[in-house]
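Asks: Here you go, this is data-v8.csv (CSV, C-alpha atoms (C1' of nucleotides)).
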chain,number,residue,atom,x,y,z
A,1,MET,CA,112.3,69.8,144.1
A,2,LYS,CA,111.4,73.3,144.6
A,3,ALA,CA,110.9,74.6,148.1
A,4,VAL,CA,107.3,75.2,148.9
A,5,ARG,CA,106.6,78.8,149.7
A,6,ARG,CA,104.9,79.0,153.0
A,7,ALA,CA,102.3,81.6,153.6
A,8,VAL,CA,104.0,84.4,155.6
A,9,THR,CA,101.8,85.9,158.3
A,10,LEU,CA,102.4,88.1,161.3
A,11,PRO,CA,104.0,86.5,164.4
A,12,VAL,CA,102.1,86.6,167.6
A,13,ALA,CA,104.7,89.0,169.0
A,14,PHE,CA,103.5,91.6,166.5
A,15,PHE,CA,100.2,91.7,168.5
A,16,LYS,CA,101.8,91.6,171.9
A,17,ARG,CA,102.0,95.4,171.9
A,18,PRO,CA,99.7,98.4,172.6
A,19,ALA,CA,96.7,98.4,170.3
A,20,GLU,CA,97.4,101.9,169.0
A,21,VAL,CA,100.9,100.7,167.8
A,22,VAL,CA,99.5,97.6,166.2
A,23,ALA,CA,96.7,99.6,164.6
A,24,ALA,CA,99.1,102.0,163.0
A,25,GLU,CA,101.5,99.3,161.8
A,26,LEU,CA,98.6,97.2,160.2
A,27,LEU,CA,98.1,100.0,157.7
A,28,GLY,CA,99.6,99.0,154.4
A,29,MET,CA,99.5,95.3,155.3
A,30,VAL,CA,97.6,92.7,153.3
A,31,ILE,CA,94.5,90.8,154.5
A,32,VAL,CA,94.0,87.5,152.7
A,33,SER,CA,90.8,85.5,152.9
A,34,SER,CA,90.3,82.0,151.6
A,35,VAL,CA,86.8,81.6,153.1
A,36,GLY,CA,84.7,79.2,151.0
A,37,GLY,CA,87.8,78.3,149.0
A,38,GLU,CA,87.7,81.6,147.3
A,39,ILE,CA,90.7,84.0,147.5
A,40,SER,CA,90.0,87.6,148.1
A,41,GLU,CA,92.6,90.1,149.3
A,42,GLY,CA,93.0,93.7,150.2
A,43,ILE,CA,95.4,96.3,151.6
A,44,ILE,CA,94.4,97.5,155.0
A,45,VAL,CA,93.9,101.3,154.9
A,46,GLU,CA,91.9,102.1,158.1
A,47,THR,CA,92.0,100.7,161.6
A,48,GLU,CA,90.9,101.6,165.1
A,49,ALA,CA,92.5,100.8,168.4
A,50,TYR,CA,90.5,99.7,171.5
A,51,LEU,CA,92.7,99.8,174.5
A,52,GLY,CA,91.1,97.3,176.9
A,53,TYR,CA,89.2,97.4,180.2
A,54,ASP,CA,90.3,101.0,180.8
A,55,ASP,CA,88.7,102.2,177.5
A,56,PRO,CA,85.0,103.2,177.9
A,57,ALA,CA,84.4,102.4,174.2
A,58,SER,CA,85.8,98.9,174.5
A,59,HIS,CA,83.5,95.9,174.7
A,60,GLY,CA,85.7,94.7,177.5
A,61,TYR,CA,85.4,97.9,179.5
A,62,LEU,CA,85.7,97.1,183.2
A,63,HIS,CA,86.3,93.5,182.4
A,64,ARG,CA,82.8,93.0,181.2
A,65,ARG,CA,82.9,89.6,179.7
A,66,ASN,CA,80.1,87.5,178.3
A,67,ALA,CA,79.6,84.7,175.7
A,68,ARG,CA,79.7,87.1,172.8
A,69,ASN,CA,82.9,89.0,173.6
A,70,ALA,CA,84.9,86.1,175.1
A,71,ALA,CA,87.3,86.1,172.2
A,72,LEU,CA,88.3,89.6,173.0
A,73,PHE,CA,89.8,88.4,176.3
A,74,GLY,CA,91.9,85.7,174.5
A,75,PRO,CA,95.5,85.7,173.6
A,76,PRO,CA,97.1,88.2,171.1
A,77,GLY,CA,96.5,87.4,167.5
A,78,THR,CA,93.0,86.1,168.2
A,79,TRP,CA,90.1,87.1,165.9
A,80,TYR,CA,87.2,88.8,167.7
A,81,VAL,CA,84.2,89.0,165.4
A,82,TYR,CA,80.9,90.3,166.6
A,83,LEU,CA,77.5,91.3,165.1
A,84,SER,CA,76.9,95.1,165.0
A,85,TYR,CA,73.4,96.5,165.0
A,86,GLY,CA,72.0,93.1,164.4
A,87,MET,CA,73.2,92.8,160.8
A,88,HIS,CA,76.9,93.7,160.2
A,89,TRP,CA,79.9,91.8,161.2
A,90,CYS,CA,82.9,93.6,162.6
A,91,SER,CA,86.4,92.1,162.7
A,92,ASN,CA,89.1,92.7,165.3
A,93,LEU,CA,92.5,91.3,166.2
A,94,VAL,CA,93.3,91.0,169.9
A,95,CYS,CA,96.4,92.8,171.1
A,96,GLN,CA,98.8,92.8,174.0
A,97,GLU,CA,98.0,90.2,176.6
A,98,ILE,CA,95.4,87.7,177.7
A,99,GLY,CA,92.5,89.3,179.7
A,100,LEU,CA,93.3,92.9,178.8
A,101,ALA,CA,90.5,93.1,176.2
A,102,SER,CA,92.5,95.2,173.9
A,103,ALA,CA,92.0,94.9,170.1
A,104,VAL,CA,92.3,96.6,166.7
A,105,LEU,CA,89.1,97.0,164.6
A,106,LEU,CA,89.7,96.6,160.8
A,107,ARG,CA,87.7,99.4,159.3
A,108,ALA,CA,88.6,99.5,155.6
A,109,ALA,CA,90.7,98.0,152.8
A,110,GLN,CA,91.7,98.6,149.2
A,111,PRO,CA,90.6,95.5,147.2
A,112,VAL,CA,93.5,94.0,145.2
A,113,LYS,CA,92.6,90.4,144.4
A,114,GLY,CA,89.4,88.4,144.0
A,115,LEU,CA,87.5,91.5,142.9
A,116,SER,CA,84.7,89.4,141.3
A,117,VAL,CA,84.2,87.4,144.6
A,118,MET,CA,84.0,90.6,146.5
A,119,ARG,CA,81.6,92.2,144.1
A,120,ARG,CA,79.3,89.1,144.2
A,121,ARG,CA,79.3,89.1,148.1
A,122,ARG,CA,78.7,92.9,148.2
A,123,GLY,CA,75.8,92.8,145.7
A,124,GLY,CA,77.4,94.8,143.0
A,125,VAL,CA,78.1,98.1,144.7
A,126,PRO,CA,80.8,100.4,143.2
A,127,ASP,CA,84.3,99.0,143.8
A,128,ARG,CA,85.1,102.0,145.9
A,129,GLN,CA,82.6,100.8,148.4
A,130,LEU,CA,83.5,97.1,148.5
A,131,CYS,CA,85.5,97.4,151.7
A,132,SER,CA,85.0,101.0,152.8
A,133,GLY,CA,83.7,100.3,156.3
A,134,PRO,CA,84.1,97.5,159.0
A,135,GLY,CA,80.8,95.8,158.0
A,136,LYS,CA,81.5,96.1,154.3
A,137,LEU,CA,85.0,94.7,154.7
A,138,CYS,CA,83.7,91.6,156.5
A,139,GLN,CA,81.0,91.1,153.9
A,140,ALA,CA,83.5,91.4,151.0
A,141,LEU,CA,86.0,89.0,152.6
A,142,GLY,CA,83.3,86.5,153.7
A,143,ILE,CA,84.1,87.1,157.4
A,144,ASP,CA,81.4,86.2,160.0
A,145,ARG,CA,81.0,84.6,163.4
A,146,GLY,CA,82.8,81.5,162.1
A,147,LEU,CA,86.1,83.3,162.5
A,148,ASP,CA,85.4,84.5,166.0
A,149,GLY,CA,87.9,83.1,168.5
A,150,ALA,CA,90.3,81.6,165.9
A,151,GLN,CA,94.0,82.3,166.1
A,152,MET,CA,94.7,84.4,163.1
A,153,ALA,CA,97.7,82.3,161.8
A,154,ASP,CA,95.5,79.1,161.8
A,155,SER,CA,92.4,80.7,160.3
A,156,GLN,CA,91.0,81.3,156.9
A,157,VAL,CA,91.8,85.0,157.1
A,158,ILE,CA,95.3,86.0,157.6
A,159,VAL,CA,97.3,89.3,157.6
A,160,ARG,CA,100.7,89.5,156.1
A,161,PRO,CA,103.3,92.2,155.4
A,162,PRO,CA,103.3,93.7,151.9
A,163,GLN,CA,105.8,92.4,149.3
A,164,ARG,CA,107.7,95.6,149.7
A,165,ARG,CA,107.2,98.1,152.4
A,166,GLU,CA,106.8,101.6,151.1
A,167,GLU,CA,106.9,104.7,153.2
A,168,ILE,CA,103.4,105.6,154.2
A,169,ALA,CA,101.8,108.6,155.8
A,170,VAL,CA,99.3,107.9,158.6
A,171,THR,CA,96.5,110.2,159.6
A,172,VAL,CA,95.1,110.0,163.2
A,173,THR,CA,91.5,111.0,164.0
A,174,PRO,CA,88.9,110.2,166.6
A,175,ARG,CA,87.1,106.9,166.4
A,176,VAL,CA,83.9,106.5,164.5
A,177,GLY,CA,80.4,105.6,165.6
A,178,ILE,CA,80.9,105.5,169.4
A,179,THR,CA,79.5,107.6,172.2
A,180,LYS,CA,82.0,107.0,175.0
A,181,ALA,CA,85.6,108.3,174.8
A,182,ALA,CA,84.6,109.5,171.3
A,183,ASP,CA,87.3,112.1,171.2
A,184,TRP,CA,90.3,109.8,171.8
A,185,PRO,CA,92.5,109.9,168.7
A,186,LEU,CA,92.7,106.2,168.0
A,187,ARG,CA,91.5,105.9,164.4
A,188,PHE,CA,94.3,105.5,161.9
A,189,HIS,CA,94.2,105.6,158.1
A,190,LEU,CA,96.5,106.0,155.1
A,191,ALA,CA,96.6,109.7,154.4
A,192,GLY,CA,94.8,110.5,151.2
A,193,SER,CA,93.5,107.0,150.6
A,194,PRO,CA,90.3,106.9,148.6
A,195,TRP,CA,89.4,103.6,150.1
A,196,VAL,CA,88.6,104.7,153.7
A,197,SER,CA,85.2,104.6,155.2
A,198,ARG,CA,84.8,108.4,155.2
A,199,LYS,CA,86.4,111.5,154.0
A,200,GLU,CA,89.2,113.1,156.0
A,201,LYS,CA,88.1,116.1,157.9
A,202,GLY,CA,91.1,117.3,159.7
A,203,GLY,CA,93.4,115.0,161.8
A,204,ARG,CA,97.1,115.0,162.2
A,205,SER,CA,99.4,113.5,159.6
A,206,SER,CA,102.7,111.9,160.5
A,207,ASP,CA,105.3,109.8,158.7
A,208,LEU,CA,105.8,106.2,159.7
A,209,PRO,CA,109.3,104.7,159.5
A,210,PRO,CA,109.6,102.0,156.9
B,211,DG,C1',77.5,116.4,149.2
B,212,DC,C1',75.4,116.1,153.7
B,213,DG,C1',72.3,114.6,157.4
B,214,DC,C1',68.6,111.9,159.1
B,215,DC,C1',66.4,107.5,159.8
B,216,DG,C1',65.0,102.6,159.8
B,217,DA,C1',66.5,97.8,159.8
B,218,DT,C1',67.6,94.0,163.2
B,219,DT,C1',69.8,91.2,167.0
B,220,DG,C1',71.4,90.3,171.6
B,221,DG,C1',73.0,91.8,176.0
B,222,DC,C1',72.3,94.8,179.7
B,223,DT,C1',69.8,98.1,182.9
C,224,DG,C1',62.8,98.8,177.4
C,225,DC,C1',67.1,100.7,175.6
C,226,DC,C1',71.2,100.9,173.3
C,227,DA,C1',74.9,99.7,170.0
C,228,DA,C1',82.6,99.9,167.2
C,229,DT,C1',76.8,100.1,160.7
C,230,DC,C1',74.8,100.6,156.3
C,231,DG,C1',72.2,102.3,152.6
C,232,DG,C1',68.3,105.0,151.0
C,233,DC,C1',66.1,109.2,150.9
C,234,DG,C1',65.3,114.2,151.2
C,235,DC,C1',67.2,118.5,151.0
C,236,DC,C1',70.7,122.2,150.1
What's the structure tokens form of this structure?

Replies:
Amino acid sequence: MKAVRRAVTLPVAFFKRPAEVVAAELLGMVIVSSVGGEISEGIIVETEAYLGYDDPASHGYLHRRNARNAALFGPPGTWYVYLSYGMHWCSNLVCQEIGLASAVLLRAAQPVKGLSVMRRRRGGVPDRQLCSGPGKLCQALGIDRGLDGAQMADSQVIVRPPQRREEIAVTVTPRVGITKAADWPLRFHLAGSPWVSRKEKGGRSSDLPP
DNA sequence: GCGCCGATTGGCT
DNA sequence: GCCAATCGGCGCC
């Protein structure tokens, strides 16, 4: 009898590190959704780091905790999903340690599998825009509040390393759509990727070891 | 291609 | 009231 191939996902230890490290290393990894029994999958091309209670742009700034952001204060590897502007879901993975309120926001992905599912969920927009933003990514992958608070490895949406790790170039820019600490360079994306949420306008490129 | 603006919900001042 | 880790449509250059 053949050995069953177990789904390989990231260990909790991966998330037990500073959010900016996790954010950079998530680039090039694969996000796999089986929500609703339908597989859809993409390569993560854009992320943002939120550092925790010291970060004015973090929902957990100054330990501000409420019913909505409780998952952000959970253990590393926890999904934190919240509603933005009353209509878009945004997905984060908690980093570092319990209570720090540090996380990485998934901002964009390159669709690679389940394109028809994504197109249906996204209402037939051009493929380039299926996952080119945090709200779009959630809609394409079927992510909503149902994922909030789940441990990633036990959930219907997991992240795994790519089949083979290629050398990638990461560009760092300020974060998007925030007003506080808006100049902190904590947004990361694959250099030159056409699948990101907005065009590059400057930013520093650097090579990441394989 | 770029910038402005409305939609819509919930938590906070 | 006011604001927000957004999106898509519209007007204008």

Asks: Please measure the separation of atom CA of A:Gly28 and atom CA of A:Leu115, giving the value in Å to one decimal.

Replies: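 Result for atom CA of A:Gly28 versus atom CA of A:Leu115: 18.3 Å, one decimal.
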
Asks: Would you work out the distance separating atom CA of A:Ala13 from atom CA of A:Ala71, expressed in Å to one decimal?

Replies: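 Here the two named atoms are 17.9 Å from each other.
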
Asks: Compute the chain C side of the contact with chain A at 9 Å, counting all atoms listed in the file, and hand it back as a PDB file with C-alpha atoms (C1' of nucleotides), in the coordinates of the input.

Replies:
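Produced file part_0.pdb, reproduced below:
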ATOM      1  C1'  DA C 227      74.900  99.700 170.000  1.00  0.00           C
ATOM      2  C1'  DA C 228      82.600  99.900 167.200  1.00  0.00           C
ATOM      3  C1'  DT C 229      76.800 100.100 160.700  1.00  0.00           C
ATOM      4  C1'  DC C 230      74.800 100.600 156.300  1.00  0.00           C
TER       5       DC C 230
END

Asks: Could you check which of A:Ala67, A:Ala19, A:Val196, A:Leu51 is closest to chain B, using all atoms listed in the file?

Replies: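 Of A:Ala67, A:Ala19, A:Val196, A:Leu51, the one nearest chain B, counting all atoms listed in the file, is A:Ala67.
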
Asks: What does the structure give for the distance between atom CA of A:Ala49 and atom CA of A:Val22, in Å to one decimal?

Replies: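 Between these atoms lies a distance of 8.0 Å.
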
Asks: Taking all atoms listed in the file into account, which residues of chain B are within 10 Å of chain A, as a count of residues only?

Replies: 5

Asks: Which residues, written as a ChimeraX atom specification, have at least one atom at most 12 Å from C:DG234, with all atoms listed in the file counted and residues fewer than 3 positions away on the same chain left out?

Replies: /B:212-215

Asks: Please identify all polymer residues within 8 Å of A:Leu141, counting all atoms listed in the file, omitting same-chain residues fewer than 4 positions from it, and present them as number ranges by chain.

Replies: A: 33, 35, 40-41, 118, 137

Asks: Counting only C-alpha atoms, which of A:Asp127, A:Asp55, A:Asp148, A:Glu46 gets nearest to A:Ala109?

Replies: A:Glu46

Asks: Using only C-alpha atoms, pick whichever of A:Pro194, A:Pro76, A:Pro11, A:Pro174 has the shortest atom-to-atom distance to A:Ser132.

Replies: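 Once distances to A:Ser132 are computed over only C-alpha atoms, the minimum belongs to A:Pro194.
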
Asks: Can you tell me, as a list of chain:residue names, what residues are no more than 12 Å from stretch 36-39 of chain A when counting only C-alpha atoms (C1' of nucleotides), ignoring any on the same chain fewer than 5 positions away?

Replies: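 That gives A:Ile31, A:Pro111, A:Val112, A:Lys113, A:Gly114, A:Leu115, A:Ser116, A:Val117, A:Met118, A:Arg120, A:Arg121, A:Ala140, A:Leu141, A:Gly142, A:Ile143, A:Asp144, A:Gly146, A:Gln156, A:Val157, A:Ile158.
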
Asks: Those selected residues, please, written with C-alpha atoms and delivered as a CSV table (one decimal), in the frame of the given file.

Replies:
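So out-v9.csv came out as:
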chain,number,residue,atom,x,y,z
A,31,ILE,CA,94.5,90.8,154.5
A,111,PRO,CA,90.6,95.5,147.2
A,112,VAL,CA,93.5,94.0,145.2
A,113,LYS,CA,92.6,90.4,144.4
A,114,GLY,CA,89.4,88.4,144.0
A,115,LEU,CA,87.5,91.5,142.9
A,116,SER,CA,84.7,89.4,141.3
A,117,VAL,CA,84.2,87.4,144.6
A,118,MET,CA,84.0,90.6,146.5
A,120,ARG,CA,79.3,89.1,144.2
A,121,ARG,CA,79.3,89.1,148.1
A,140,ALA,CA,83.5,91.4,151.0
A,141,LEU,CA,86.0,89.0,152.6
A,142,GLY,CA,83.3,86.5,153.7
A,143,ILE,CA,84.1,87.1,157.4
A,144,ASP,CA,81.4,86.2,160.0
A,146,GLY,CA,82.8,81.5,162.1
A,156,GLN,CA,91.0,81.3,156.9
A,157,VAL,CA,91.8,85.0,157.1
A,158,ILE,CA,95.3,86.0,157.6

Asks: Starting from the incomplete input, reconstruct all heavy atoms of stretch 33-44 of chain A and write that as a compact mmCIF listing (two decimals), in the coordinates of the input.

Replies:
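Contents of the output file rebuild_22.txt:
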# COMPACT_ATOMS: atom_id res chain seq x y z
N SER A 33 91.83 86.46 152.49
CA SER A 33 90.80 85.50 152.90
C SER A 33 90.67 84.37 151.92
O SER A 33 90.70 84.56 150.71
CB SER A 33 89.42 86.28 152.93
OG SER A 33 88.36 85.34 153.00
N SER A 34 90.55 83.18 152.48
CA SER A 34 90.30 82.00 151.60
C SER A 34 88.97 81.34 152.06
O SER A 34 88.76 80.15 151.85
CB SER A 34 91.44 81.00 151.76
OG SER A 34 91.66 80.65 153.12
N VAL A 35 88.10 82.14 152.65
CA VAL A 35 86.80 81.60 153.10
C VAL A 35 86.04 81.06 151.90
O VAL A 35 85.98 81.67 150.83
CB VAL A 35 85.97 82.76 153.75
CG1 VAL A 35 84.54 82.29 154.02
CG2 VAL A 35 86.64 83.22 155.04
N GLY A 36 85.48 79.88 152.09
CA GLY A 36 84.70 79.20 151.00
C GLY A 36 85.56 78.78 149.86
O GLY A 36 85.04 78.53 148.77
N GLY A 37 86.88 78.69 150.09
CA GLY A 37 87.80 78.30 149.00
C GLY A 37 88.01 79.31 147.94
O GLY A 37 88.59 79.02 146.91
N GLU A 38 87.55 80.53 148.22
CA GLU A 38 87.70 81.60 147.30
C GLU A 38 88.69 82.65 147.83
O GLU A 38 88.49 83.13 148.95
CB GLU A 38 86.39 82.26 146.93
CG GLU A 38 85.40 81.28 146.33
CD GLU A 38 84.04 81.90 146.09
OE1 GLU A 38 83.38 82.30 147.07
OE2 GLU A 38 83.64 81.99 144.93
N ILE A 39 89.70 83.00 147.06
CA ILE A 39 90.70 84.00 147.50
C ILE A 39 90.23 85.38 147.27
O ILE A 39 89.85 85.73 146.16
CB ILE A 39 92.05 83.74 146.83
CG1 ILE A 39 92.58 82.32 147.10
CG2 ILE A 39 93.06 84.80 147.29
CD1 ILE A 39 92.96 82.07 148.53
N SER A 40 90.26 86.17 148.33
CA SER A 40 90.00 87.60 148.10
C SER A 40 91.02 88.33 149.07
O SER A 40 91.35 87.85 150.15
CB SER A 40 88.60 88.00 148.46
OG SER A 40 88.19 87.48 149.71
N GLU A 41 91.43 89.48 148.63
CA GLU A 41 92.60 90.10 149.30
C GLU A 41 92.54 91.61 149.15
O GLU A 41 92.08 92.15 148.15
CB GLU A 41 93.82 89.54 148.50
CG GLU A 41 95.15 89.88 149.01
CD GLU A 41 96.23 89.10 148.24
OE1 GLU A 41 96.12 87.86 148.09
OE2 GLU A 41 97.17 89.75 147.78
N GLY A 42 93.01 92.29 150.19
CA GLY A 42 93.00 93.70 150.20
C GLY A 42 94.12 94.33 151.03
O GLY A 42 94.69 93.65 151.88
N ILE A 43 94.42 95.58 150.79
CA ILE A 43 95.40 96.30 151.60
C ILE A 43 94.66 97.07 152.68
O ILE A 43 93.72 97.82 152.39
CB ILE A 43 96.21 97.29 150.73
CG1 ILE A 43 96.98 96.53 149.65
CG2 ILE A 43 97.15 98.12 151.60
CD1 ILE A 43 97.57 97.43 148.59
N ILE A 44 95.06 96.87 153.92
CA ILE A 44 94.40 97.50 155.00
C ILE A 44 94.71 99.03 155.00
O ILE A 44 95.88 99.42 154.99
CB ILE A 44 94.86 96.92 156.37
CG1 ILE A 44 94.45 95.44 156.44
CG2 ILE A 44 94.26 97.69 157.55
CD1 ILE A 44 95.06 94.69 157.61
